[in-house]
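To keep things clear, I will list the structure first and then write my remarks on it.
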Amino acid sequence: MLQTYALFDFDGTLIRGDSIIAFMRYVWKHKLCSLWDWVRFVVAGGLFTFRLISPKRAKEMALRFLKGYSREQYVHMAEDFCQTELLPRLYPQGMAALQRHQAAGDKVLVISASPAFYLEPLVDILGLTAVLGTRFETDEQGRFTGRIIGINCRGEEKPLRIQAYLDKTGDQLNADTSLAYGNSTHDLPMMRLCHRAYAVDPGRKLRSIAKQSEGITVVHWKETN
């Protein structure tokens, strides 16, 4: 069945900054990681920035401290993290856009390269239809292995994950009525699923592409926040 969807990137689109940095600050504050874990996180970020390791490898390295911990422990922690750290970072304009889509009866997906396990409580908190994020593997006892399932939910992986979700639900995305929101060129494959899309506070490259692309509108949520 044809269905109208609102597709949202998360970091830098719906919220200020990067949620994985906020997550590391949260686990440090709650004594769930060590100083060495913070050092490894910073090193992983540096290696990724200089393109010495892949995004997947960088995330596995950055969050290696999760290995051996029960996913159930972090499910409870993730709700508090979302309430105390992520909600205050939401752009008011992003929240207003979410609510407009919900009021119109649209299905709302957040599709993010950030780890799904700490974003999933947003389904209930914000009334989302689903969160599609980077998935961290657990073993038979429900403990994190430190590895990512598949690949990082970024770039070309986003439309693949959306299609897998649609196949599972039996929906078809109505490209004419659906909207996508992203803030970087990594969101373009997702944005191009819809005939209309919004580039939220885009960088120079996405802004240039948006100017030359019919159907992509640049919006500035930071300036009015």
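Residue names in the structure tokens use chain letters A, B, ... in the order shown, residue numbers from 1 in each chain, and ligand numbers from 1 in the order shown.
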
Give one line per residue of region 94-134 of chain A that approaches region 74-81 of chain A to at most 9 Å, naming the two atoms of the closest pair and their distance in Å to one decimal, counting only C-alpha atoms; sort by chain then ascending residue number and deliver it as a tab-separated table.
residue	atom	partner	partner_atom	distance
A:Phe117	CA	A:Val75	CA	6.8
A:Tyr118	CA	A:Ala78	CA	4.8
A:Leu119	CA	A:Ala78	CA	7.3
A:Glu120	CA	A:Ala78	CA	8.0
A:Pro121	CA	A:Glu79	CA	5.4
A:Leu122	CA	A:Glu79	CA	7.9
A:Ile125	CA	A:Glu79	CA	8.6

Q. If you run DSSP on this backbone, which residues of region 16-164 of chain A come out as alpha helix (DSSP H), and could you give them as number ranges by chain?
A. A: 19-29, 35-49, 55-62, 71-81, 92-103, 116-119, 122-126, 157-164

Q) Using only C-alpha atoms, which residue out of A:Glu85, A:Asp187, A:Glu72, A:Asp124 lies closest to Arg16 (chain A)? A) A:Glu85

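CA of Ala6 (chain A) sits 10.5 Å away from CA of Arg196 (chain A).
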
Q.
Need the shell around region 139-141 of chain A: protein/DNA/RNA residues with any atom at most 12 Å away, counting only C-alpha atoms. Skip same-chain ones fewer than 6 positions apart. Format as a ChimeraX atom specification?
A. /A:67-72,147-149

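Ranking A:Cys153, A:Ala116, A:Met95, A:Ala58 by their shortest atom-to-atom distance to Trp221 (chain A), with only C-alpha atoms included, puts A:Met95 first.
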
Q | Shell around Leu160 (chain A) at 10 Å using only C-alpha atoms, local window under 6 positions removed, as a VMD selection string | A | chain A and resid 153 to 154 166 189 to 190

Q.
For the structure I just gave you, how does DSSP split region 92-147 of chain A - specifically, which residues are strand (DSSP E or B)? Reply as a VMD selection string.
A. chain A and resid 107 to 115 130 to 138 143 to 147
